[in-house]
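Inspection log for the structure reproduced underneath, given as structure tokens.
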Amino acid sequence: MIQNKKDYIRFLQVEQGYKKNYNFFFLYVKTAFKPTQRFLLLLRTCEYLKCKRKNPIYKSLYFTVKYLKYKLGLKLGFSIPENVVDEGFQLPHYGTIVINANARIGKYCRMHVCVNIGASGGGKAAPKIGDHVYFGPGVKVYGDIQIADRVAIAANAAVSKSCFETDVVLGGVPAKVIGKVDIQKIITSNKIN
């Protein structure tokens with residue numbers, strides 16, 4: 001996901017409303033009363049510092065920021081590894097969110113509380129999720145599956161099979177297509193709450 005400083009700045013512009021004259025400390029203070037935004041800032045900073053770890057200064061900064069992310073993640077209930085989620089990720093509320101390190105989540109996804117994305121049956125393969133996907137509260141997505149772009153997953157759905165259709169709503173246990181949706185009404189691009 002983040003491979004260089006240009007990527008890092010682009011991610012911060014999309015998720016934090018970052019302007020080039022800001023710095024990390026300013027953004028950290030700016031997010032003091034927005035814990036989900038602070039978590040995303042720490043996550044993206046970890047991703048950036050991880051790709052620069054050959055330098056001993058960046059390596060020590062990486063472990064410091066990773067520790068801050070870990071502590072805040074415990075407080076908020078987030079277990080989101082680095083380099084799993086692409087730009088524009090939205091976390092409107094804090095609460096339990098667990099994502100497997102082998103999962104891949106596309107751009108501009110919105111994830112509510114109690115979402116679990118992981119492997120199935122002791123395997124290592126995890127879901128590959130497209131862009132502009134909405135996860136309602138309590139969604140479980142597991143196994144070696146793929147979810148297409150522009151899909152809304154209804155609250156408490158359990159998705160265990162791939163969905164290659166776009167602009168649909170998945171719901172139920174096990175999840176199946178239950179309707180059509182205009183995903184742009186659900187996920188707002190480039191809006192900072």
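Residues are referred to by chain and number: the chain letter is A, B, ... according to the order shown in the structure tokens, the number counts from 1 in that chain, and ligands are numbered separately from 1 in the order shown.
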
Please report, as a tab-separated table, each residue of region 82-140 of chain A lying at most 12 Å from region 39-58 of chain A, together with the nearest pair of atoms and the separation in Å rounded to one decimal; use only C-alpha atoms, and order rows by chain and ascending residue number.
residue	atom	partner	partner_atom	distance
A:Glu82	CA	A:Glu47	CA	5.6
A:Asn83	CA	A:Glu47	CA	6.2
A:Val84	CA	A:Glu47	CA	9.7
A:Val85	CA	A:Arg44	CA	9.7
A:Asp86	CA	A:Arg44	CA	9.9
A:Glu87	CA	A:Arg44	CA	9.3
A:Gly88	CA	A:Leu40	CA	10.0
A:Phe89	CA	A:Leu40	CA	8.2
A:Gln90	CA	A:Leu40	CA	8.7
A:Leu91	CA	A:Leu40	CA	8.5
A:Pro92	CA	A:Leu40	CA	11.4
A:His93	CA	A:Phe39	CA	11.5
A:Tyr94	CA	A:Phe39	CA	9.9

Q: Using backbone DSSP assignments, extract all alpha helix (DSSP H) residues from region 6-78 of chain A; output them as number ranges by chain.
A: A: 6-16, 24-30, 35-50, 56-76

Q.
When DSSP is applied to the backbone of this structure, which of region 8-170 of chain A are assigned strand (DSSP E or B)? Write them out as number ranges by chain.
A. A: 78-79, 85, 90, 97-99, 104-105, 110-111, 115-118, 128-129, 134-135, 140-142, 146-147, 151-153, 158-159, 163, 168-170

Q.
I'd like the contact shell of region 123-131 of chain A - 8 Å cut-off, only C-alpha atoms, skipping same-chain residues fewer than 2 positions apart - returned as a list of chain:residue names.
A. A:Asn100, A:Asn102, A:Ala103, A:Arg104, A:Ile105, A:Gly106, A:Lys107, A:Tyr108, A:Cys109, A:Ile117, A:Gly118, A:Ala119, A:Ser120, A:Gly121, A:Val133, A:Val141, A:Tyr142, A:Gly143, A:Asp144, A:Ile145, A:Gln146, A:Ile147, A:Ala148, A:Asp149, A:Arg150

Export of the given selection (N, CA and C atoms) as a tab-separated table (two decimals), in the first residue's frame:
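selection03.tsv written:
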chain	number	residue	atom	x	y	z
A	100	ASN	N	-7.55	-9.84	9.38
A	100	ASN	CA	-6.42	-10.75	9.18
A	100	ASN	C	-5.33	-10.06	8.37
A	102	ASN	N	-3.48	-11.23	6.15
A	102	ASN	CA	-3.44	-11.68	4.76
A	102	ASN	C	-4.59	-11.14	3.92
A	103	ALA	N	-5.53	-10.45	4.54
A	103	ALA	CA	-6.66	-9.86	3.81
A	103	ALA	C	-6.18	-8.64	3.03
A	104	ARG	N	-6.91	-8.27	2.00
A	104	ARG	CA	-6.64	-7.06	1.22
A	104	ARG	C	-7.97	-6.34	1.01
A	105	ILE	N	-7.98	-5.06	1.39
A	105	ILE	CA	-9.20	-4.26	1.30
A	105	ILE	C	-8.92	-3.05	0.42
A	106	GLY	N	-9.80	-2.79	-0.53
A	106	GLY	CA	-9.61	-1.74	-1.53
A	106	GLY	C	-9.84	-0.34	-1.02
A	107	LYS	N	-9.89	0.59	-1.97
A	107	LYS	CA	-10.01	2.02	-1.67
A	107	LYS	C	-11.41	2.40	-1.22
A	108	TYR	N	-11.47	3.43	-0.38
A	108	TYR	CA	-12.70	4.08	0.04
A	108	TYR	C	-13.73	3.12	0.62
A	109	CYS	N	-13.28	2.26	1.50
A	109	CYS	CA	-14.20	1.36	2.19
A	109	CYS	C	-14.60	1.97	3.53
A	117	ILE	N	-12.79	-9.81	9.62
A	117	ILE	CA	-12.39	-10.26	8.29
A	117	ILE	C	-11.20	-11.19	8.48
A	118	GLY	N	-11.37	-12.47	8.14
A	118	GLY	CA	-10.28	-13.40	8.42
A	118	GLY	C	-10.29	-14.66	7.59
A	119	ALA	N	-9.36	-15.54	7.94
A	119	ALA	CA	-9.20	-16.83	7.27
A	119	ALA	C	-10.26	-17.79	7.81
A	120	SER	N	-10.33	-18.95	7.19
A	120	SER	CA	-11.33	-19.94	7.59
A	120	SER	C	-10.69	-21.31	7.72
A	121	GLY	N	-11.09	-22.06	8.73
A	121	GLY	CA	-10.65	-23.45	8.87
A	121	GLY	C	-9.17	-23.62	9.08
A	133	VAL	N	-16.51	-0.53	-0.73
A	133	VAL	CA	-17.32	-1.55	-0.07
A	133	VAL	C	-17.74	-1.03	1.30
A	141	VAL	N	-16.64	-11.66	7.37
A	141	VAL	CA	-16.22	-12.05	6.03
A	141	VAL	C	-15.03	-12.96	6.22
A	142	TYR	N	-15.11	-14.19	5.71
A	142	TYR	CA	-14.03	-15.13	5.98
A	142	TYR	C	-13.83	-16.12	4.84
A	143	GLY	N	-12.59	-16.62	4.77
A	143	GLY	CA	-12.24	-17.62	3.77
A	143	GLY	C	-11.51	-17.02	2.58
A	144	ASP	N	-11.15	-17.88	1.65
A	144	ASP	CA	-10.44	-17.49	0.44
A	144	ASP	C	-11.47	-17.04	-0.60
A	145	ILE	N	-11.99	-15.83	-0.41
A	145	ILE	CA	-13.06	-15.33	-1.27
A	145	ILE	C	-12.71	-13.95	-1.81
A	146	GLN	N	-13.50	-13.50	-2.78
A	146	GLN	CA	-13.35	-12.16	-3.35
A	146	GLN	C	-14.70	-11.45	-3.32
A	147	ILE	N	-14.63	-10.16	-2.99
A	147	ILE	CA	-15.83	-9.31	-3.02
A	147	ILE	C	-15.56	-8.23	-4.06
A	148	ALA	N	-16.50	-8.04	-4.97
A	148	ALA	CA	-16.34	-7.07	-6.06
A	148	ALA	C	-16.39	-5.64	-5.54
A	149	ASP	N	-16.13	-4.68	-6.43
A	149	ASP	CA	-16.24	-3.26	-6.09
A	149	ASP	C	-17.71	-2.89	-5.89
A	150	ARG	N	-17.92	-1.80	-5.11
A	150	ARG	CA	-19.24	-1.20	-4.91
A	150	ARG	C	-20.28	-2.20	-4.41

**Q.** Length of the CA of Ala157 (chain A) to CA of Ala175 (chain A) vector [Å]
**A.** 5.7 Å

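Between Tyr28 (chain A) and the residues A:Lys69, A:Lys161, A:Lys180, A:Lys185, the shortest atom-to-atom distance, using only C-alpha atoms, involves A:Lys69.
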
(Q) Can you measure CA of Ala155 (chain A) to CA of Gly122 (chain A) for me? One decimal in Å is fine. (A) 25.2 Å

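Every protein or nucleic acid residue with an atom no more than 7 Å from Ile97 (chain A), counting only C-alpha atoms and leaving out same-chain residues fewer than 4 positions away, appears here: Gly77, Phe78, Ser79, Val113, Cys114, Val115 and Asn116 of chain A.
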
Please dump the current selection as an mmCIF file, in the first residue's frame; keep C-alpha atoms.
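Output file selection04.cif is given in full below:
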data_model
loop_
_atom_site.group_PDB
_atom_site.id
_atom_site.type_symbol
_atom_site.label_atom_id
_atom_site.label_comp_id
_atom_site.auth_asym_id
_atom_site.auth_seq_id
_atom_site.Cartn_x
_atom_site.Cartn_y
_atom_site.Cartn_z
ATOM 1 C CA GLY A 77 -10.889 -2.365 19.943
ATOM 2 C CA PHE A 78 -9.090 -2.224 16.573
ATOM 3 C CA SER A 79 -6.809 -4.991 15.348
ATOM 4 C CA VAL A 113 -18.280 -1.806 14.595
ATOM 5 C CA CYS A 114 -17.895 -5.543 15.288
ATOM 6 C CA VAL A 115 -16.517 -6.400 11.838
ATOM 7 C CA ASN A 116 -14.313 -9.476 11.489
#

Q) When distances are computed from only C-alpha atoms, which of A:Leu27, A:Cys163, A:Met1, A:Leu76 shows the smallest separation from Gln13 (chain A)? A)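 Between A:Leu27, A:Cys163, A:Met1, A:Leu76, the residue approaching Gln13 (chain A) most closely is A:Leu27.
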
Q | CA of Lys19 (chain A) to CA of Lys71 (chain A), distance in Å rounded to a single decimal | A |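 Computing the Euclidean distance for CA of Lys19 (chain A) and CA of Lys71 (chain A) yields 26.8 Å.
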